[in-house]
Amino acid sequence: MTNREKNEQCLLVHMKAEAEHDMAAVLATIHPDALFEDQPLGLVLKGRDATAIHYRTWWDAFGIQTDGGVLHWVSDDLAIGEADFVGTHVGRFLGVEPTGLSIRFPFTVYVRFKDGLLSGERFFYDLNMIMAQLGQPSAALAA
C-alpha cells in the first residue's frame, strides 16, 4: 500500500469517527505530535489530548456534522477539504449560552499526514457568520 493509500484510508476512518462523535476512534487516527490550528478561534493545539479539546468544543456546542464536501489531494501527505458544518446550538460557545438555533457554515481544512496518521489540521471559516446565526453579530457586523 502506498503512502497516499494509507493516508486516504486513515482519513476515511477519521471522518467516519468524527461523524459518529467517537473520540477514541478519532484520536486513534491522530499522530502523537499532531498540530491542530483553528484559525478563527486562534487555537493552536499540539498532541492528541489537546486535539480532543477541539473536537469536544464543537461537538458539545453544536453536535456538529459535515454536510457534503470535496476533497483535493495536493500531494501524498496533504489534502484540502471543503464542506459545510451543520448543527444546533445546544451547548455554550464563546460565552454564548445555548440558543437552540441551527447553524450552517462553510469551512476549509488543510489536512497533513505523517506515518499514515493525521499530523495536523488547519481550519478556516467565518466566525462572524456563526455568531450572526446565533443572534450575536460582531461589532464589525453591527456597524
# chains A, B, ... in the order shown; residues from 1 in each chain; ligands from 1
>>> residues_around(residues="stretch 41-46 of chain A", least_positions_apart="6", cutoff="12 Å", atoms="only C-alpha atoms", output="PyMOL selection string")
chain A and resi 30-35+52-55+57-58+93-94+119-128+130
>>> residues_around(residues="stretch 131-134 of chain A", least_positions_apart="5", cutoff="8 Å", atoms="only C-alpha atoms", output="JSON list (two decimals) with C-alpha atoms, in the first residue's frame")
[["chain", "number", "residue", "atom", "x", "y", "z"],
["A", 89, "HIS", "CA", -26.52, 25.31, 19.27],
["A", 99, "THR", "CA", -29.95, 29.14, 21.79],
["A", 101, "LEU", "CA", -30.68, 27.76, 16.76],
["A", 102, "SER", "CA", -29.43, 25.85, 13.74],
["A", 103, "ILE", "CA", -26.14, 26.81, 12.17]]
>>> closest_atom_pairs(of="stretch 41-99 of chain A", to="stretch 2-26 of chain A", cutoff="8 Å", atoms="only C-alpha atoms", output="JSON lines")
{"residue": "A:Ala52", "atom": "CA", "partner": "A:Met23", "partner_atom": "CA", "distance": 7.2}
{"residue": "A:Tyr55", "atom": "CA", "partner": "A:Met23", "partner_atom": "CA", "distance": 7.9}
{"residue": "A:Trp59", "atom": "CA", "partner": "A:His21", "partner_atom": "CA", "distance": 7.3}
{"residue": "A:Gln65", "atom": "CA", "partner": "A:Ala19", "partner_atom": "CA", "distance": 6.0}
{"residue": "A:Thr66", "atom": "CA", "partner": "A:Ala19", "partner_atom": "CA", "distance": 7.3}
{"residue": "A:Asp76", "atom": "CA", "partner": "A:Arg4", "partner_atom": "CA", "distance": 4.5}
{"residue": "A:Asp77", "atom": "CA", "partner": "A:Arg4", "partner_atom": "CA", "distance": 6.7}
>>> write_last_selection(atoms="C-alpha atoms", output="short mmCIF file (atom, residue, chain, number, x, y, z; two decimals), in the first residue's frame")
data_model
loop_
_atom_site.label_atom_id
_atom_site.label_comp_id
_atom_site.auth_asym_id
_atom_site.auth_seq_id
_atom_site.Cartn_x
_atom_site.Cartn_y
_atom_site.Cartn_z
CA ALA A 52 -9.55 16.26 21.80
CA TYR A 55 -13.48 18.16 18.87
CA TRP A 59 -19.40 18.58 19.44
CA GLN A 65 -21.74 17.27 11.42
CA THR A 66 -20.25 17.70 7.96
CA ASP A 76 0.50 12.19 -0.92
CA ASP A 77 0.70 13.86 2.52
#
>>> residues_around(residues="stretch 80-82 of chain A", least_positions_apart="2", cutoff="10 Å", atoms="only C-alpha atoms", output="PyMOL selection string")
chain A and resi 66-75+78+84-85+106-112+121-124
>>> residues_around(residues="A:Ile64", least_positions_apart="2", cutoff="6 Å", atoms="only C-alpha atoms", output="PyMOL selection string")
chain A and resi 59+62+86-87
>>> select_by_dssp(residues="stretch 61-119 of chain A", states="strand (DSSP E)", output="PyMOL selection string")
chain A and resi 65-75+78-88+102-114+117-119
>>> write_last_selection(atoms="C-alpha atoms", output="PDB file, in the first residue's frame")
ATOM      1  CA  GLN A  65     -21.742  17.269  11.419  1.00  0.00           C
ATOM      2  CA  THR A  66     -20.254  17.703   7.963  1.00  0.00           C
ATOM      3  CA  ASP A  67     -22.599  18.154   5.021  1.00  0.00           C
ATOM      4  CA  GLY A  68     -21.375  17.499   1.508  1.00  0.00           C
ATOM      5  CA  GLY A  69     -17.880  18.372   0.579  1.00  0.00           C
ATOM      6  CA  VAL A  70     -14.984  17.982  -1.771  1.00  0.00           C
ATOM      7  CA  LEU A  71     -11.518  16.655  -1.052  1.00  0.00           C
ATOM      8  CA  HIS A  72      -8.485  17.775  -3.062  1.00  0.00           C
ATOM      9  CA  TRP A  73      -5.235  15.809  -2.761  1.00  0.00           C
ATOM     10  CA  VAL A  74      -2.356  18.245  -3.203  1.00  0.00           C
ATOM     11  CA  SER A  75       0.308  15.610  -2.543  1.00  0.00           C
ATOM     12  CA  LEU A  78      -1.575  16.881   2.085  1.00  0.00           C
ATOM     13  CA  ALA A  79      -5.294  17.104   1.367  1.00  0.00           C
ATOM     14  CA  ILE A  80      -7.585  20.130   1.369  1.00  0.00           C
ATOM     15  CA  GLY A  81     -11.213  19.609   2.275  1.00  0.00           C
ATOM     16  CA  GLU A  82     -14.159  21.925   1.648  1.00  0.00           C
ATOM     17  CA  ALA A  83     -17.605  21.311   3.108  1.00  0.00           C
ATOM     18  CA  ASP A  84     -20.311  22.777   5.326  1.00  0.00           C
ATOM     19  CA  PHE A  85     -20.599  22.212   9.045  1.00  0.00           C
ATOM     20  CA  VAL A  86     -24.174  21.968  10.281  1.00  0.00           C
ATOM     21  CA  GLY A  87     -25.528  21.691  13.799  1.00  0.00           C
ATOM     22  CA  THR A  88     -27.765  23.046  16.509  1.00  0.00           C
ATOM     23  CA  SER A 102     -29.426  25.847  13.744  1.00  0.00           C
ATOM     24  CA  ILE A 103     -26.139  26.806  12.166  1.00  0.00           C
ATOM     25  CA  ARG A 104     -24.573  26.109   8.788  1.00  0.00           C
ATOM     26  CA  PHE A 105     -21.260  27.481   7.616  1.00  0.00           C
ATOM     27  CA  PRO A 106     -18.669  26.592   5.001  1.00  0.00           C
ATOM     28  CA  PHE A 107     -15.163  25.674   6.056  1.00  0.00           C
ATOM     29  CA  THR A 108     -11.860  24.709   4.522  1.00  0.00           C
ATOM     30  CA  VAL A 109      -9.370  22.421   6.215  1.00  0.00           C
ATOM     31  CA  TYR A 110      -5.793  21.568   5.297  1.00  0.00           C
ATOM     32  CA  VAL A 111      -5.006  18.022   6.447  1.00  0.00           C
ATOM     33  CA  ARG A 112      -1.421  16.800   6.739  1.00  0.00           C
ATOM     34  CA  PHE A 113      -0.233  13.239   7.321  1.00  0.00           C
ATOM     35  CA  LYS A 114       2.779  11.559   8.891  1.00  0.00           C
ATOM     36  CA  LEU A 117      -1.840   9.272  10.603  1.00  0.00           C
ATOM     37  CA  LEU A 118      -3.181  12.822  10.615  1.00  0.00           C
ATOM     38  CA  SER A 119      -0.323  15.048  11.719  1.00  0.00           C
TER      39      SER A 119
END
>>> residues_around(residues="A:Asp60", least_positions_apart="3", cutoff="8 Å", atoms="only C-alpha atoms", output="list in words")
Arg56, Thr57, Gly63, Val90, Gly91 and Arg92 of chain A
>>> select_by_dssp(residues="stretch 12-143 of chain A", states="helix (DSSP H, G or I)", output="JSON, numbers by chain")
{"A": [12, 13, 14, 15, 16, 17, 18, 19, 23, 24, 25, 26, 27, 28, 47, 48, 49, 50, 51, 52, 53, 54, 55, 56, 57, 58, 59, 60, 61, 62, 127, 128, 129, 130, 131, 132, 133, 139, 140, 141, 142]}
>>> closest_residue(among="A:Gly135, A:Val96, A:Met129, A:Asp115", to="A:Thr29", atoms="only C-alpha atoms")
A:Asp115
>>> atom_distance(atom1="atom CA of A:Leu27", atom2="atom CA of A:Asp49")
8.3 Å
>>> atom_distance(atom1="atom CA of A:Gly100", atom2="atom CA of A:Glu37")
27.1 Å
>>> decode(residues="stretch 4-142 of chain A", atoms="C-alpha atoms", output="compact mmCIF listing (two decimals), in the first residue's frame")
# COMPACT_ATOMS: atom_id res chain seq x y z
CA ARG A 4 -1.25 8.05 -0.31
CA GLU A 5 -3.43 4.94 0.03
CA LYS A 6 -2.57 4.69 3.75
CA ASN A 7 -3.43 8.35 4.23
CA GLU A 8 -6.69 8.05 2.30
CA GLN A 9 -7.68 5.04 4.40
CA CYS A 10 -6.78 6.88 7.61
CA LEU A 11 -8.82 9.90 6.54
CA LEU A 12 -11.88 7.76 5.78
CA VAL A 13 -11.68 6.14 9.23
CA HIS A 14 -11.16 9.57 10.79
CA MET A 15 -14.16 11.12 9.03
CA LYS A 16 -16.41 8.21 9.99
CA ALA A 17 -15.32 8.52 13.62
CA GLU A 18 -15.96 12.29 13.53
CA ALA A 19 -19.47 11.73 12.15
CA GLU A 20 -20.15 9.27 14.99
CA HIS A 21 -18.56 11.57 17.59
CA ASP A 22 -16.36 8.63 18.64
CA MET A 23 -13.48 10.39 20.38
CA ALA A 24 -11.38 7.26 20.92
CA ALA A 25 -11.61 6.34 17.24
CA VAL A 26 -10.85 9.93 16.15
CA LEU A 27 -7.78 10.12 18.38
CA ALA A 28 -6.55 6.74 17.08
CA THR A 29 -6.16 8.41 13.66
CA ILE A 30 -4.15 11.34 15.06
CA HIS A 31 -0.35 11.34 15.17
CA PRO A 32 1.02 11.84 18.72
CA ASP A 33 2.83 15.00 17.58
CA ALA A 34 -0.17 16.43 15.70
CA LEU A 35 -0.70 20.17 15.41
CA PHE A 36 -4.29 21.41 15.05
CA GLU A 37 -4.91 25.07 14.22
CA ASP A 38 -8.31 26.71 14.39
CA GLN A 39 -7.50 30.00 12.69
CA PRO A 40 -10.67 31.99 13.55
CA LEU A 41 -10.56 30.97 17.23
CA GLY A 42 -6.79 31.49 17.42
CA LEU A 43 -6.28 27.99 18.80
CA VAL A 44 -3.05 26.06 18.28
CA LEU A 45 -3.33 22.60 19.80
CA LYS A 46 -0.46 20.11 19.99
CA GLY A 47 -0.83 16.39 20.55
CA ARG A 48 -3.77 14.03 20.90
CA ASP A 49 -5.04 15.28 24.26
CA ALA A 50 -5.10 18.87 23.08
CA THR A 51 -6.72 17.82 19.80
CA ALA A 52 -9.55 16.26 21.80
CA ILE A 53 -10.32 19.75 23.14
CA HIS A 54 -11.03 20.95 19.62
CA TYR A 55 -13.48 18.16 18.87
CA ARG A 56 -15.17 18.43 22.26
CA THR A 57 -15.63 22.19 21.81
CA TRP A 58 -17.55 21.77 18.57
CA TRP A 59 -19.40 18.58 19.44
CA ASP A 60 -20.58 19.87 22.81
CA ALA A 61 -21.65 23.27 21.46
CA PHE A 62 -23.29 22.19 18.21
CA GLY A 63 -23.35 18.41 17.79
CA ILE A 64 -21.60 19.37 14.58
CA GLN A 65 -21.74 17.27 11.42
CA THR A 66 -20.25 17.70 7.96
CA ASP A 67 -22.60 18.15 5.02
CA GLY A 68 -21.37 17.50 1.51
CA GLY A 69 -17.88 18.37 0.58
CA VAL A 70 -14.98 17.98 -1.77
CA LEU A 71 -11.52 16.65 -1.05
CA HIS A 72 -8.48 17.78 -3.06
CA TRP A 73 -5.24 15.81 -2.76
CA VAL A 74 -2.36 18.24 -3.20
CA SER A 75 0.31 15.61 -2.54
CA ASP A 76 0.50 12.19 -0.92
CA ASP A 77 0.70 13.86 2.52
CA LEU A 78 -1.57 16.88 2.09
CA ALA A 79 -5.29 17.10 1.37
CA ILE A 80 -7.58 20.13 1.37
CA GLY A 81 -11.21 19.61 2.28
CA GLU A 82 -14.16 21.93 1.65
CA ALA A 83 -17.60 21.31 3.11
CA ASP A 84 -20.31 22.78 5.33
CA PHE A 85 -20.60 22.21 9.05
CA VAL A 86 -24.17 21.97 10.28
CA GLY A 87 -25.53 21.69 13.80
CA THR A 88 -27.76 23.05 16.51
CA HIS A 89 -26.52 25.31 19.27
CA VAL A 90 -27.02 23.01 22.26
CA GLY A 91 -24.03 23.98 24.43
CA ARG A 92 -22.11 27.08 25.48
CA PHE A 93 -19.90 28.55 22.72
CA LEU A 94 -17.60 31.54 23.20
CA GLY A 95 -19.65 32.68 26.16
CA VAL A 96 -22.99 32.36 24.35
CA GLU A 97 -25.46 30.15 26.17
CA PRO A 98 -27.34 27.56 24.04
CA THR A 99 -29.95 29.14 21.79
CA GLY A 100 -31.32 26.03 20.10
CA LEU A 101 -30.68 27.76 16.76
CA SER A 102 -29.43 25.85 13.74
CA ILE A 103 -26.14 26.81 12.17
CA ARG A 104 -24.57 26.11 8.79
CA PHE A 105 -21.26 27.48 7.62
CA PRO A 106 -18.67 26.59 5.00
CA PHE A 107 -15.16 25.67 6.06
CA THR A 108 -11.86 24.71 4.52
CA VAL A 109 -9.37 22.42 6.21
CA TYR A 110 -5.79 21.57 5.30
CA VAL A 111 -5.01 18.02 6.45
CA ARG A 112 -1.42 16.80 6.74
CA PHE A 113 -0.23 13.24 7.32
CA LYS A 114 2.78 11.56 8.89
CA ASP A 115 3.37 7.84 9.30
CA GLY A 116 -0.12 7.06 7.99
CA LEU A 117 -1.84 9.27 10.60
CA LEU A 118 -3.18 12.82 10.61
CA SER A 119 -0.32 15.05 11.72
CA GLY A 120 -2.23 18.29 11.50
CA GLU A 121 -5.34 20.14 10.51
CA ARG A 122 -5.68 23.85 9.86
CA PHE A 123 -9.28 25.14 9.81
CA PHE A 124 -10.60 28.26 8.09
CA TYR A 125 -14.20 29.53 8.37
CA ASP A 126 -16.10 32.76 9.03
CA LEU A 127 -16.60 33.10 12.78
CA ASN A 128 -18.74 36.21 12.25
CA MET A 129 -21.15 34.10 10.19
CA ILE A 130 -21.55 31.64 13.07
CA MET A 131 -22.07 34.37 15.64
CA ALA A 132 -24.65 36.11 13.44
CA GLN A 133 -26.56 32.84 13.14
CA LEU A 134 -26.59 32.69 16.94
CA GLY A 135 -28.01 36.21 17.10
CA GLN A 136 -24.67 37.55 18.30
CA PRO A 137 -23.27 39.64 15.45
CA SER A 138 -19.80 41.05 15.96
CA ALA A 139 -19.23 44.76 16.38
CA ALA A 140 -17.99 44.84 12.77
CA LEU A 141 -21.26 43.34 11.53
CA ALA A 142 -23.39 45.61 13.73
